[in-house]
>>> print(open('final_23.cif').read())   # mmCIF, C-alpha atoms
data_target
#
loop_
_atom_site.label_atom_id
_atom_site.label_comp_id
_atom_site.auth_asym_id
_atom_site.auth_seq_id
_atom_site.Cartn_x
_atom_site.Cartn_y
_atom_site.Cartn_z
CA MET A 278 137.43 136.41 -82.05
CA ARG A 279 137.57 133.40 -79.72
CA SER A 280 137.78 135.67 -76.66
CA LEU A 281 134.77 137.66 -77.88
CA ILE A 282 132.76 134.44 -78.21
CA ILE A 283 133.72 133.40 -74.68
CA ILE A 284 132.83 136.86 -73.36
CA PHE A 285 129.35 136.53 -74.86
CA LEU A 286 128.79 132.99 -73.68
CA LEU A 287 129.93 133.60 -70.12
CA GLY A 288 127.44 136.39 -69.75
CA PHE A 289 124.60 134.59 -71.48
CA GLY A 290 123.15 132.92 -68.41
CA PHE A 291 122.71 136.24 -66.61
CA THR A 292 121.57 138.64 -69.28
CA SER A 293 118.64 136.76 -70.77
CA VAL A 294 115.17 137.72 -69.59
CA SER A 295 113.15 134.79 -68.41
CA GLN A 296 110.38 133.79 -66.05
CA PRO A 297 110.73 130.97 -63.52
CA ARG A 298 109.37 127.71 -64.95
CA THR A 299 106.90 125.68 -62.94
CA ASP A 300 104.99 122.65 -64.19
CA SER A 301 101.59 121.66 -62.84
CA LEU A 302 102.50 118.00 -62.17
CA LEU A 303 105.51 118.82 -60.00
CA LEU A 304 103.60 121.58 -58.22
CA LYS A 305 100.82 119.10 -57.49
CA LEU A 306 103.28 116.53 -56.13
CA LEU A 307 104.96 119.08 -53.88
CA SER A 308 101.70 120.64 -52.69
CA GLY A 309 100.31 117.19 -51.93
CA SER A 310 103.41 115.98 -50.11
CA SER A 311 102.83 114.25 -46.78
CA TYR A 312 105.70 116.33 -45.36
CA SER A 313 104.70 119.72 -43.93
CA LEU A 314 108.23 121.09 -44.39
CA VAL A 315 108.02 120.54 -48.16
CA LYS A 316 104.79 122.52 -48.28
CA ASP A 317 106.21 125.29 -46.10
CA VAL A 318 109.33 125.66 -48.23
CA ILE A 319 107.55 125.72 -51.60
CA ASN A 320 105.21 128.39 -50.21
CA GLN A 321 108.31 130.49 -49.48
CA LYS A 322 110.21 129.55 -52.62
CA ASP A 323 111.64 133.02 -53.18
CA SER A 324 113.09 133.29 -49.66
CA PHE A 325 114.67 129.87 -50.05
CA ARG A 326 115.77 130.56 -53.65
CA LEU A 327 114.31 127.13 -54.33
CA GLN A 328 114.66 125.40 -57.71
CA ILE A 329 113.72 121.79 -58.55
CA ILE A 330 113.90 119.64 -61.69
CA TYR A 331 112.25 116.22 -61.64
CA THR A 332 112.90 114.00 -64.67
CA GLU A 333 110.52 111.17 -65.49
CA ILE A 334 112.17 108.32 -67.41
CA ASN A 335 110.18 105.84 -69.47
CA ARG A 336 111.48 102.93 -71.55
CA ASN A 337 110.11 101.34 -74.69
CA ARG A 338 110.13 97.60 -75.45
CA PHE A 339 113.76 97.89 -76.56
CA ASN A 340 114.71 99.48 -73.22
CA GLU A 341 115.38 102.82 -74.91
CA PRO A 342 114.70 105.71 -72.51
CA THR A 343 112.73 108.89 -73.05
CA PHE A 344 112.87 111.80 -70.66
CA ARG A 345 110.41 114.43 -69.52
CA ASN A 346 111.52 117.25 -67.25
CA TYR A 347 109.18 118.89 -64.76
CA TYR A 348 110.27 122.20 -63.27
CA PHE A 349 109.54 124.13 -60.11
CA ASN A 350 110.71 127.76 -59.99
CA VAL A 351 113.67 127.08 -62.32
CA ASP A 352 115.33 130.24 -63.58
CA THR A 353 118.97 130.85 -64.58
CA ASN A 354 118.62 134.37 -63.15
CA ILE A 355 118.13 132.98 -59.63
CA TYR A 356 121.79 132.67 -58.72
CA PHE A 357 123.09 130.06 -56.32
CA ASN A 358 126.66 129.27 -55.39
CA PRO A 359 127.34 125.88 -57.02
CA ALA A 360 129.89 124.90 -54.35
CA SER A 361 131.19 121.35 -54.93
CA THR A 362 128.89 120.52 -57.84
CA VAL A 363 131.57 122.01 -60.12
CA LYS A 364 133.65 118.93 -59.33
CA LEU A 365 131.47 116.88 -61.67
CA PRO A 366 132.27 118.75 -64.92
CA LEU A 367 135.95 118.94 -63.95
CA ALA A 368 136.12 115.18 -63.47
CA LEU A 369 134.50 114.67 -66.87
CA LEU A 370 136.79 117.17 -68.57
CA ALA A 371 139.88 115.65 -66.93
CA LEU A 372 139.01 112.23 -68.35
CA GLU A 373 138.25 113.78 -71.73
CA LYS A 374 141.59 115.59 -71.75
CA LEU A 375 143.43 112.36 -70.98
CA ASN A 376 141.66 110.69 -73.90
CA GLU A 377 142.74 113.51 -76.22
CA LEU A 378 146.38 113.63 -75.12
CA ASP A 379 147.63 111.15 -77.71
CA LYS A 380 149.85 109.65 -75.02
CA LYS A 381 148.91 106.00 -74.79
CA GLN A 382 151.01 105.42 -71.67
CA VAL A 383 149.17 108.18 -69.77
CA ASN A 384 145.79 107.37 -68.30
CA LYS A 385 143.70 108.14 -65.23
CA TYR A 386 145.73 105.72 -63.11
CA SER A 387 149.13 107.15 -64.07
CA ASP A 388 151.24 108.73 -61.32
CA MET A 389 150.71 112.49 -61.52
CA LEU A 390 153.25 114.84 -59.94
CA ILE A 391 152.19 118.46 -59.51
CA ASP A 392 154.84 121.18 -59.30
CA SER A 393 154.51 124.85 -58.33
CA SER A 394 155.88 128.02 -59.90
CA GLN A 395 153.87 130.74 -58.16
CA SER A 396 154.07 131.70 -54.48
CA TRP A 397 150.43 130.73 -53.83
CA GLN A 398 150.71 127.33 -55.50
CA SER A 399 151.53 124.10 -53.68
CA PRO A 400 153.12 120.95 -55.11
CA ALA A 401 151.74 117.42 -54.74
CA TYR A 402 154.16 114.53 -55.11
CA THR A 403 152.49 112.04 -52.77
CA ASP A 404 148.97 111.01 -51.81
CA TYR A 405 148.77 108.92 -48.65
CA THR A 406 145.12 108.04 -49.43
CA SER A 407 146.03 106.06 -52.57
CA GLU A 408 147.20 102.46 -52.71
CA ASP A 409 150.64 103.29 -54.12
CA GLY A 410 151.03 106.60 -52.27
CA LYS A 411 151.04 108.64 -55.49
CA PRO A 412 148.50 111.14 -56.87
CA SER A 413 146.50 110.31 -60.00
CA ILE A 414 143.48 111.61 -61.85
CA ALA A 415 141.55 108.50 -60.80
CA GLN A 416 142.29 109.06 -57.12
CA TYR A 417 141.34 112.74 -57.29
CA ILE A 418 138.03 111.85 -58.93
CA ARG A 419 137.33 109.19 -56.30
CA LYS A 420 137.87 111.74 -53.52
CA ALA A 421 135.87 114.43 -55.30
CA PHE A 422 132.87 112.09 -55.60
CA LEU A 423 133.00 109.98 -52.44
CA VAL A 424 133.19 112.81 -49.87
CA SER A 425 133.52 115.93 -52.08
CA ASP A 426 137.19 116.60 -51.29
CA ASN A 427 138.25 120.17 -52.13
CA ASP A 428 141.95 119.52 -52.79
CA ALA A 429 140.91 116.94 -55.38
CA TYR A 430 138.90 119.61 -57.18
CA ASN A 431 141.82 122.06 -57.14
CA ARG A 432 144.13 119.46 -58.68
CA LEU A 433 141.64 118.63 -61.44
CA TYR A 434 141.30 122.38 -62.11
CA GLN A 435 145.10 122.65 -62.38
CA PHE A 436 145.24 119.77 -64.83
CA VAL A 437 142.43 120.84 -67.16
CA GLY A 438 143.00 124.61 -66.82
CA PRO A 439 140.37 127.39 -66.78
CA GLN A 440 140.73 128.18 -70.48
CA THR A 441 139.99 124.61 -71.53
CA ILE A 442 137.31 124.19 -68.85
CA ASN A 443 135.21 127.09 -70.05
CA ARG A 444 135.80 126.71 -73.79
CA LYS A 445 134.91 123.01 -73.65
CA LEU A 446 131.79 123.48 -71.56
CA HIS A 447 130.51 126.25 -73.80
CA ASP A 448 131.28 124.20 -76.90
CA LYS A 449 129.06 121.49 -75.40
CA GLY A 450 126.20 123.96 -74.93
CA PHE A 451 126.56 124.64 -71.20
CA ASP A 452 126.41 128.35 -71.90
CA GLY A 453 125.44 129.51 -68.41
CA THR A 454 128.30 127.71 -66.69
CA ARG A 455 131.45 129.52 -65.59
CA ILE A 456 134.27 127.84 -63.65
CA THR A 457 137.17 130.19 -63.02
CA ARG A 458 137.86 129.67 -59.33
CA GLN A 459 139.75 127.14 -57.24
CA PHE A 460 138.84 126.53 -53.59
CA LEU A 461 141.98 128.26 -52.34
CA GLY A 462 140.86 131.83 -51.62
CA LEU A 463 142.77 133.17 -54.62
CA THR A 464 142.15 136.33 -56.60
CA VAL A 465 140.63 136.29 -60.08
CA GLN A 466 144.10 136.87 -61.53
CA GLN A 467 145.77 134.16 -59.46
CA ASN A 468 143.16 131.63 -60.58
CA ARG A 469 144.33 132.18 -64.17
CA TYR A 470 147.62 130.40 -63.38
CA THR A 471 147.92 126.62 -63.26
CA ASN A 472 150.74 124.39 -62.05
CA ALA A 473 153.15 122.37 -64.15
CA ILE A 474 152.24 118.67 -64.08
CA ARG A 475 154.33 115.59 -64.83
CA PHE A 476 153.00 112.12 -65.51
CA VAL A 477 155.59 109.45 -64.77
CA ASN A 478 155.80 105.66 -64.87
CA LYS A 479 156.50 103.42 -61.88
CA GLU A 480 160.25 103.91 -62.43
CA ASN A 481 159.68 107.70 -62.21
CA SER A 482 160.57 108.22 -65.87
CA LEU A 483 158.71 111.08 -67.54
CA LEU A 484 155.76 110.12 -69.72
CA TYR A 485 154.26 113.55 -70.31
CA LEU A 486 154.96 117.11 -69.17
CA GLN A 487 152.26 119.76 -69.02
CA PRO A 488 153.94 123.14 -68.51
CA ALA A 489 152.66 125.77 -66.10
CA ALA A 490 150.10 127.91 -67.89
CA PHE A 491 148.26 131.22 -67.81
CA ASN A 492 144.72 131.70 -69.09
CA PRO A 493 144.59 134.83 -71.30
CA ASP A 494 140.89 134.64 -72.18
CA SER A 495 138.76 137.62 -71.25
CA PHE A 496 135.84 136.87 -68.94
CA TYR A 497 132.68 138.89 -68.86
CA PHE A 498 130.92 138.14 -65.61
CA GLY A 499 127.55 139.66 -66.44
CA LYS A 500 125.43 141.63 -64.04
CA THR A 501 126.47 142.18 -60.43
CA ILE A 502 125.33 139.41 -58.09
CA LYS A 503 125.16 140.24 -54.39
CA LEU A 504 123.48 138.25 -51.63
CA GLY A 505 122.77 138.70 -47.93
CA LYS A 506 122.99 141.69 -45.67
CA GLY A 507 126.50 141.03 -44.41
CA TYR A 508 129.38 138.57 -44.37
CA MET A 509 132.39 137.52 -42.32
CA ASN A 510 135.67 138.33 -44.04
CA SER A 511 138.92 136.33 -43.89
CA LYS A 512 139.78 138.02 -40.56
CA ASP A 513 136.45 136.99 -39.00
CA SER A 514 135.23 140.59 -39.03
CA LEU A 515 131.62 141.35 -39.90
CA ILE A 516 131.22 143.42 -43.05
CA ASN A 517 127.76 144.99 -43.07
CA GLU A 518 127.11 144.76 -46.79
CA PRO A 519 126.09 141.98 -49.18
CA ILE A 520 128.73 139.53 -50.35
CA ASP A 521 129.68 139.81 -54.02
CA PHE A 522 129.32 136.58 -56.03
CA THR A 523 129.76 138.26 -59.42
CA LYS A 524 133.15 136.73 -60.21
CA VAL A 525 132.84 133.29 -58.63
CA ASN A 526 131.84 129.97 -60.15
CA CYS A 527 128.40 129.57 -61.68
CA LEU A 528 126.62 126.35 -62.64
CA PRO A 529 122.87 126.72 -63.31
CA LEU A 530 120.72 123.83 -62.13
CA GLU A 531 119.60 122.87 -65.63
CA ASP A 532 123.21 122.70 -66.86
CA LEU A 533 124.09 120.51 -63.89
CA GLN A 534 121.12 118.23 -64.49
CA GLN A 535 122.09 117.88 -68.14
CA MET A 536 125.67 117.00 -67.17
CA VAL A 537 124.40 114.14 -65.00
CA LYS A 538 122.20 113.01 -67.88
CA SER A 539 125.12 113.16 -70.31
CA VAL A 540 127.08 110.77 -68.06
CA MET A 541 124.28 108.33 -67.27
CA PHE A 542 122.65 108.41 -70.72
CA PRO A 543 125.24 109.65 -73.24
CA GLU A 544 123.35 108.09 -76.14
CA SER A 545 120.39 110.38 -75.36
CA MET A 546 122.47 113.51 -75.90
CA PRO A 547 123.59 114.99 -79.22
CA LYS A 548 127.22 114.08 -79.92
CA SER A 549 128.18 117.73 -79.63
CA ARG A 550 127.05 117.73 -75.99
CA ARG A 551 128.71 114.51 -74.90
CA PHE A 552 132.03 114.20 -73.11
CA LYS A 553 134.63 112.12 -74.94
CA LEU A 554 134.83 109.16 -72.60
CA THR A 555 135.68 105.50 -72.98
CA LYS A 556 133.62 102.53 -71.87
CA ASN A 557 136.05 102.10 -68.99
CA ASP A 558 135.60 105.77 -68.04
CA TYR A 559 131.84 105.34 -67.80
CA SER A 560 132.15 102.25 -65.61
CA PHE A 561 134.61 104.11 -63.37
CA LEU A 562 132.27 107.10 -63.09
CA TYR A 563 129.20 104.97 -62.37
CA GLN A 564 131.06 103.18 -59.59
CA TYR A 565 132.34 106.24 -57.78
CA LEU A 566 129.31 108.43 -58.33
CA SER A 567 127.32 105.78 -56.43
CA GLN A 568 129.77 103.92 -54.16
CA PHE A 569 129.61 104.61 -50.42
CA PRO A 570 132.66 106.00 -48.59
CA GLY A 571 132.59 103.06 -46.18
CA GLU A 572 132.89 100.57 -49.04
CA THR A 573 136.08 102.14 -50.31
CA ASN A 574 139.58 100.89 -49.46
CA TYR A 575 141.58 103.80 -50.89
CA PRO A 576 140.80 106.32 -49.47
CA LYS A 577 139.90 104.62 -46.20
CA TYR A 578 137.21 106.93 -44.87
CA ASP A 579 135.76 106.63 -41.39
CA SER A 580 132.31 105.19 -42.10
CA SER A 581 130.77 106.75 -38.99
CA GLU A 582 131.79 110.23 -40.12
CA TYR A 583 131.31 109.60 -43.84
CA TYR A 584 128.28 107.35 -43.76
CA ASP A 585 126.37 105.80 -46.69
CA SER A 586 124.03 108.75 -47.29
CA TYR A 587 126.63 111.44 -46.52
CA VAL A 588 126.53 112.87 -50.06
CA LYS A 589 123.11 111.46 -50.98
CA PHE A 590 120.93 114.36 -49.83
CA PHE A 591 117.63 112.96 -51.13
CA PHE A 592 118.10 109.92 -48.85
CA ARG A 593 120.06 111.55 -46.02
CA ASN A 594 118.20 111.26 -42.73
CA GLU A 595 119.02 110.51 -39.11
CA SER A 596 119.53 106.79 -39.78
CA HIS A 597 122.36 107.57 -42.22
CA LYS A 598 121.42 104.42 -44.12
CA MET A 599 120.34 103.97 -47.71
CA PRO A 600 117.38 101.78 -48.72
CA ALA A 601 118.43 98.32 -49.80
CA ASP A 602 118.82 97.94 -53.57
CA VAL A 603 118.83 101.71 -54.18
CA ARG A 604 121.84 103.49 -55.61
CA VAL A 605 122.17 107.21 -56.25
CA PHE A 606 124.55 108.44 -58.97
CA ASN A 607 124.98 112.09 -58.13
CA LYS A 608 126.98 115.14 -57.18
CA VAL A 609 126.16 117.44 -54.27
CA GLY A 610 127.42 120.76 -53.00
CA TRP A 611 127.01 122.90 -49.93
CA ALA A 612 128.36 126.36 -49.11
CA TYR A 613 127.16 129.79 -47.99
CA GLY A 614 123.79 128.33 -46.96
CA PHE A 615 123.15 126.64 -50.31
CA LEU A 616 122.49 122.91 -50.61
CA ILE A 617 122.49 121.34 -54.09
CA ASP A 618 121.99 117.79 -55.32
CA ALA A 619 121.75 116.51 -58.90
CA SER A 620 120.94 112.79 -58.97
CA TYR A 621 120.02 109.81 -61.07
CA ILE A 622 118.29 107.28 -58.79
CA ALA A 623 117.98 103.56 -59.55
CA ASP A 624 115.94 101.14 -57.44
CA PHE A 625 116.98 97.68 -58.65
CA LYS A 626 114.42 95.81 -56.56
CA ASN A 627 111.38 97.76 -57.73
CA ASP A 628 112.62 98.57 -61.27
CA VAL A 629 112.38 102.30 -60.73
CA GLU A 630 114.56 105.04 -62.19
CA TYR A 631 114.32 108.82 -62.34
CA MET A 632 116.35 112.00 -62.00
CA LEU A 633 115.98 114.72 -59.39
CA SER A 634 117.92 117.97 -59.01
CA ALA A 635 117.33 120.72 -56.48
CA VAL A 636 118.86 123.71 -54.74
CA ILE A 637 117.75 125.42 -51.52
CA TYR A 638 119.19 128.42 -49.63
CA VAL A 639 118.96 128.40 -45.82
CA ASN A 640 120.41 131.52 -44.22
CA LYS A 641 117.86 133.10 -41.91
CA ASP A 642 120.12 135.81 -40.46
CA GLY A 643 121.33 136.95 -43.88
CA ILE A 644 125.00 136.80 -42.82
CA LEU A 645 127.21 134.75 -45.10
CA ASN A 646 130.44 132.93 -44.33
CA ASP A 647 129.63 132.78 -40.60
CA ASN A 648 128.86 129.03 -40.61
CA VAL A 649 125.45 129.79 -39.12
CA TYR A 650 123.01 128.21 -41.55
CA GLU A 651 119.86 126.14 -41.13
CA TYR A 652 121.33 123.04 -42.75
CA ASP A 653 120.29 120.73 -39.91
CA SER A 654 116.88 122.23 -39.12
CA ILE A 655 115.65 123.00 -42.66
CA GLY A 656 118.13 122.27 -45.44
CA TRP A 657 118.93 118.58 -45.14
CA PRO A 658 115.46 117.64 -43.79
CA PHE A 659 113.87 119.40 -46.76
CA MET A 660 116.13 117.68 -49.28
CA TYR A 661 115.36 114.30 -47.71
CA GLN A 662 111.62 114.95 -47.64
CA LEU A 663 111.65 116.25 -51.21
CA GLY A 664 113.54 113.13 -52.23
CA GLN A 665 111.06 110.86 -50.47
CA THR A 666 108.08 112.69 -51.97
CA ILE A 667 109.35 111.97 -55.48
CA TYR A 668 110.60 108.48 -54.62
CA GLN A 669 107.23 107.41 -53.22
CA TYR A 670 105.50 108.80 -56.31
CA GLU A 671 107.90 106.88 -58.55
CA LEU A 672 107.30 103.64 -56.66
CA GLN A 673 103.60 103.74 -57.55
CA ARG A 674 103.84 105.42 -60.98
CA PRO A 675 102.67 102.96 -63.69
CA ARG A 676 105.10 102.05 -66.46
CA GLU A 677 104.28 100.29 -69.71
CA PHE A 678 107.69 98.64 -69.75
CA LYS A 679 109.92 97.90 -66.80
CA PRO A 680 113.44 99.26 -67.22
CA ASP A 681 116.36 96.91 -67.53
CA LEU A 682 118.88 98.60 -65.22
CA LYS A 683 121.75 96.11 -65.37
CA LYS A 684 123.94 98.73 -67.05
CA PHE A 685 124.04 100.58 -63.75
CA LYS A 686 124.65 97.60 -61.48
CA MET A 687 128.21 98.05 -60.34
CA GLN A 688 130.66 95.73 -58.61
CA TYR A 689 131.43 97.75 -55.51
CA GLU A 690 134.43 97.40 -53.27
CA PHE A 691 134.40 95.52 -49.99
CA ARG A 692 136.29 97.21 -47.17
CA LYS A 693 139.28 95.02 -46.31
CA PRO A 694 140.42 95.09 -42.69
CA ASP A 695 143.91 96.52 -42.11
CA ASP A 696 145.72 98.63 -39.52
CA ARG A 697 145.62 101.92 -41.43
CA PRO A 698 143.86 104.73 -39.56
CA THR A 699 140.61 105.92 -41.06
CA ILE A 700 140.26 109.40 -42.52
CA LYS A 701 137.99 111.54 -40.34
CA ASN A 702 138.63 115.13 -41.43
CA VAL A 703 138.34 116.20 -45.05
CA ASP A 704 138.26 119.77 -46.34
CA ASN A 705 135.00 119.72 -48.27
#
>>> encode(input="final_23.cif", output="structure tokens")
Amino acid sequence: MRSLIIIFLLGFGFTSVSQPRTDSLLLKLLSGSSYSLVKDVINQKDSFRLQIIYTEINRNRFNEPTFRNYYFNVDTNIYFNPASTVKLPLALLALEKLNELDKKQVNKYSDMLIDSSQSWQSPAYTDYTSEDGKPSIAQYIRKAFLVSDNDAYNRLYQFVGPQTINRKLHDKGFDGTRITRQFLGLTVQQNRYTNAIRFVNKENSLLYLQPAAFNPDSFYFGKTIKLGKGYMNSKDSLINEPIDFTKVNCLPLEDLQQMVKSVMFPESMPKSRRFKLTKNDYSFLYQYLSQFPGETNYPKYDSSEYYDSYVKFFFRNESHKMPADVRVFNKVGWAYGFLIDASYIADFKNDVEYMLSAVIYVNKDGILNDNVYEYDSIGWPFMYQLGQTIYQYELQRPREFKPDLKKFKMQYEFRKPDDRPTIKNVDN
């Protein structure tokens, strides 16, 4: 019975009949933008597979927030590849799993040794980016958020496991989401296997063993999803047919936006939709969802390569700098010509807060996996200009009560000088 429920839920996001949602306020803001690129893109929304959710947040006299979503062309049937945005739910589920382990000695900072039992799996016993040289859930989450590291995602996937990932997300009401793929080029069957994992103390004594596992759940992938007119295969040969996305990860924009909301405002969500996190977990997440790579000591990223706005698409421009007193708590993704950002933005100087989520597809030649996309000429400039359009509106939007945002003011790291080389190349 459980497998039948999962089969239904995994197909739900693709079989329902719906019309794209567009609200007049957001359409008016976009149409009236001072940026010509914003106007051009919204006028070609179908070609760009554009979807936007803007969330207005208002507080009452007790600082309790209310939310109103405004949509532009939002439709679960408009597929986009979620790319690295899937790292957000895996980080949340990894922390939740740790909290449910009933192993008090095991936490997100515990040394985590990953074994291998299949030919395509790789072990991980060290992590040169961490302070003690050992892997941990905390370090993988840092890397997944700060620069969107792919190996970090794979390790979180191996810890939580695809069965738990999908059952948990569907139990929380994220019915359109499907995460069944690591970023390793594996087959559907290979992705069902996960590595054995050992948590050990500083003396290398075993605290907890998670055996290697196989996910037996049946997955119904819904209707066929094909995009483009051709793609480059693993041998760099052009295949003159659309690429098949039917069996890859799926994370609809509204699910992603709700996940960000569930982290930033858990009290606003029904208990059934919240992740089981501790107060310390929330503080940890807030810090690394918003901290800049150049502020971080471990990993020690090269701040010229991984600059402040590197994964802050709504503020990413040629200056690479963020506005003073603004922090963005978000997760981005980019792959196959898709750019995605789901953000909560807080301006502590001007007492402004709001949420903004968007996806755009920039692939003029219709060939996928060729690394020829219009990220630089259209994608990132559009995301920045969209972000500024909403930010400027928020700066002048009247509020009855100013928000008290101290909950989101984090104590960030200060980069300490040392002779370690900086990290310049990350698979993301």
>>> residues_near_point(input="final_23.cif", point="(125.3, 127.2, -55.5)", cutoff="12 Å", atoms="all atoms listed in the file", output="mmCIF file with C-alpha atoms, in the coordinates of the input")
data_model
loop_
_atom_site.group_PDB
_atom_site.id
_atom_site.type_symbol
_atom_site.label_atom_id
_atom_site.label_comp_id
_atom_site.auth_asym_id
_atom_site.auth_seq_id
_atom_site.Cartn_x
_atom_site.Cartn_y
_atom_site.Cartn_z
ATOM 1 C CA ARG A 326 115.770 130.560 -53.650
ATOM 2 C CA LEU A 327 114.310 127.130 -54.330
ATOM 3 C CA GLN A 328 114.660 125.400 -57.710
ATOM 4 C CA THR A 353 118.970 130.850 -64.580
ATOM 5 C CA ILE A 355 118.130 132.980 -59.630
ATOM 6 C CA TYR A 356 121.790 132.670 -58.720
ATOM 7 C CA PHE A 357 123.090 130.060 -56.320
ATOM 8 C CA ASN A 358 126.660 129.270 -55.390
ATOM 9 C CA PRO A 359 127.340 125.880 -57.020
ATOM 10 C CA ALA A 360 129.890 124.900 -54.350
ATOM 11 C CA SER A 361 131.190 121.350 -54.930
ATOM 12 C CA THR A 362 128.890 120.520 -57.840
ATOM 13 C CA VAL A 363 131.570 122.010 -60.120
ATOM 14 C CA THR A 454 128.300 127.710 -66.690
ATOM 15 C CA LEU A 504 123.480 138.250 -51.630
ATOM 16 C CA PHE A 522 129.320 136.580 -56.030
ATOM 17 C CA VAL A 525 132.840 133.290 -58.630
ATOM 18 C CA ASN A 526 131.840 129.970 -60.150
ATOM 19 C CA CYS A 527 128.400 129.570 -61.680
ATOM 20 C CA LEU A 528 126.620 126.350 -62.640
ATOM 21 C CA PRO A 529 122.870 126.720 -63.310
ATOM 22 C CA LEU A 530 120.720 123.830 -62.130
ATOM 23 C CA LEU A 533 124.090 120.510 -63.890
ATOM 24 C CA VAL A 609 126.160 117.440 -54.270
ATOM 25 C CA GLY A 610 127.420 120.760 -53.000
ATOM 26 C CA TRP A 611 127.010 122.900 -49.930
ATOM 27 C CA ALA A 612 128.360 126.360 -49.110
ATOM 28 C CA TYR A 613 127.160 129.790 -47.990
ATOM 29 C CA GLY A 614 123.790 128.330 -46.960
ATOM 30 C CA PHE A 615 123.150 126.640 -50.310
ATOM 31 C CA LEU A 616 122.490 122.910 -50.610
ATOM 32 C CA ILE A 617 122.490 121.340 -54.090
ATOM 33 C CA ASP A 618 121.990 117.790 -55.320
ATOM 34 C CA ALA A 619 121.750 116.510 -58.900
ATOM 35 C CA ALA A 635 117.330 120.720 -56.480
ATOM 36 C CA VAL A 636 118.860 123.710 -54.740
ATOM 37 C CA ILE A 637 117.750 125.420 -51.520
ATOM 38 C CA TYR A 638 119.190 128.420 -49.630
ATOM 39 C CA VAL A 639 118.960 128.400 -45.820
#
>>> atom_distance(input="final_23.cif", atom1="CA of Pro519 in chain A", atom2="CA of Lys506 in chain A")
4.7 Å
>>> atom_distance(input="final_23.cif", atom1="CA of Pro694 in chain A", atom2="CA of Phe569 in chain A")
16.3 Å
>>> atom_distance(input="final_23.cif", atom1="CA of Thr406 in chain A", atom2="CA of Met389 in chain A")
14.0 Å
>>> closest_residue(input="final_23.cif", among="A:Lys641, A:Arg475, A:Lys374, A:Lys553", to="Ser413 in chain A", atoms="all atoms listed in the file")
A:Arg475
>>> axis_aligned_box(input="final_23.cif", around="range 319-325 of chain A", padding_each_side="6 Å", output="AutoDock Vina command-line options")
--center_x 109.9 --center_y 129.5 --center_z -51.3 --size_x 21.5 --size_y 19.6 --size_z 15.7
>>> resolve_selection(input="final_23.cif", expression="the PyMOL selection byres ((chain A and resi 628-632) around 8)", output="number ranges by chain")
A: 331-334, 619-627, 633-634, 671-672, 679-682
>>> decode(input="final_23.cif", residues="range 535-546 of chain A", atoms="N, CA and C atoms", output="JSON list (two decimals), in the first residue's frame")
[["chain", "number", "residue", "atom", "x", "y", "z"],
["A", 535, "GLN", "N", 7.93, 27.18, -0.65],
["A", 535, "GLN", "CA", 7.36, 26.79, 0.64],
["A", 535, "GLN", "C", 8.41, 26.17, 1.56],
["A", 536, "MET", "N", 9.41, 25.50, 0.98],
["A", 536, "MET", "CA", 10.49, 24.97, 1.80],
["A", 536, "MET", "C", 11.30, 26.09, 2.43],
["A", 537, "VAL", "N", 11.58, 27.13, 1.66],
["A", 537, "VAL", "CA", 12.30, 28.29, 2.21],
["A", 537, "VAL", "C", 11.46, 28.91, 3.32],
["A", 538, "LYS", "N", 10.17, 29.06, 3.09],
["A", 538, "LYS", "CA", 9.29, 29.62, 4.10],
["A", 538, "LYS", "C", 9.26, 28.76, 5.36],
["A", 539, "SER", "N", 9.27, 27.44, 5.19],
["A", 539, "SER", "CA", 9.21, 26.55, 6.35],
["A", 539, "SER", "C", 10.47, 26.65, 7.21],
["A", 540, "VAL", "N", 11.59, 27.04, 6.60],
["A", 540, "VAL", "CA", 12.83, 27.23, 7.36],
["A", 540, "VAL", "C", 12.83, 28.58, 8.05],
["A", 541, "MET", "N", 12.49, 29.63, 7.29],
["A", 541, "MET", "CA", 12.58, 30.98, 7.83],
["A", 541, "MET", "C", 11.43, 31.30, 8.78],
["A", 542, "PHE", "N", 10.27, 30.72, 8.54],
["A", 542, "PHE", "CA", 9.08, 31.00, 9.35],
["A", 542, "PHE", "C", 8.36, 29.70, 9.71],
["A", 543, "PRO", "N", 8.99, 28.81, 10.45],
["A", 543, "PRO", "CA", 8.36, 27.52, 10.74],
["A", 543, "PRO", "C", 7.03, 27.65, 11.45],
["A", 544, "GLU", "N", 6.90, 28.69, 12.30],
["A", 544, "GLU", "CA", 5.67, 28.86, 13.05],
["A", 544, "GLU", "C", 4.48, 29.21, 12.15],
["A", 545, "SER", "N", 4.76, 29.63, 10.92],
["A", 545, "SER", "CA", 3.69, 29.99, 9.99],
["A", 545, "SER", "C", 3.16, 28.79, 9.22],
["A", 546, "MET", "N", 3.83, 27.65, 9.36],
["A", 546, "MET", "CA", 3.45, 26.44, 8.64],
["A", 546, "MET", "C", 2.73, 25.48, 9.57]]
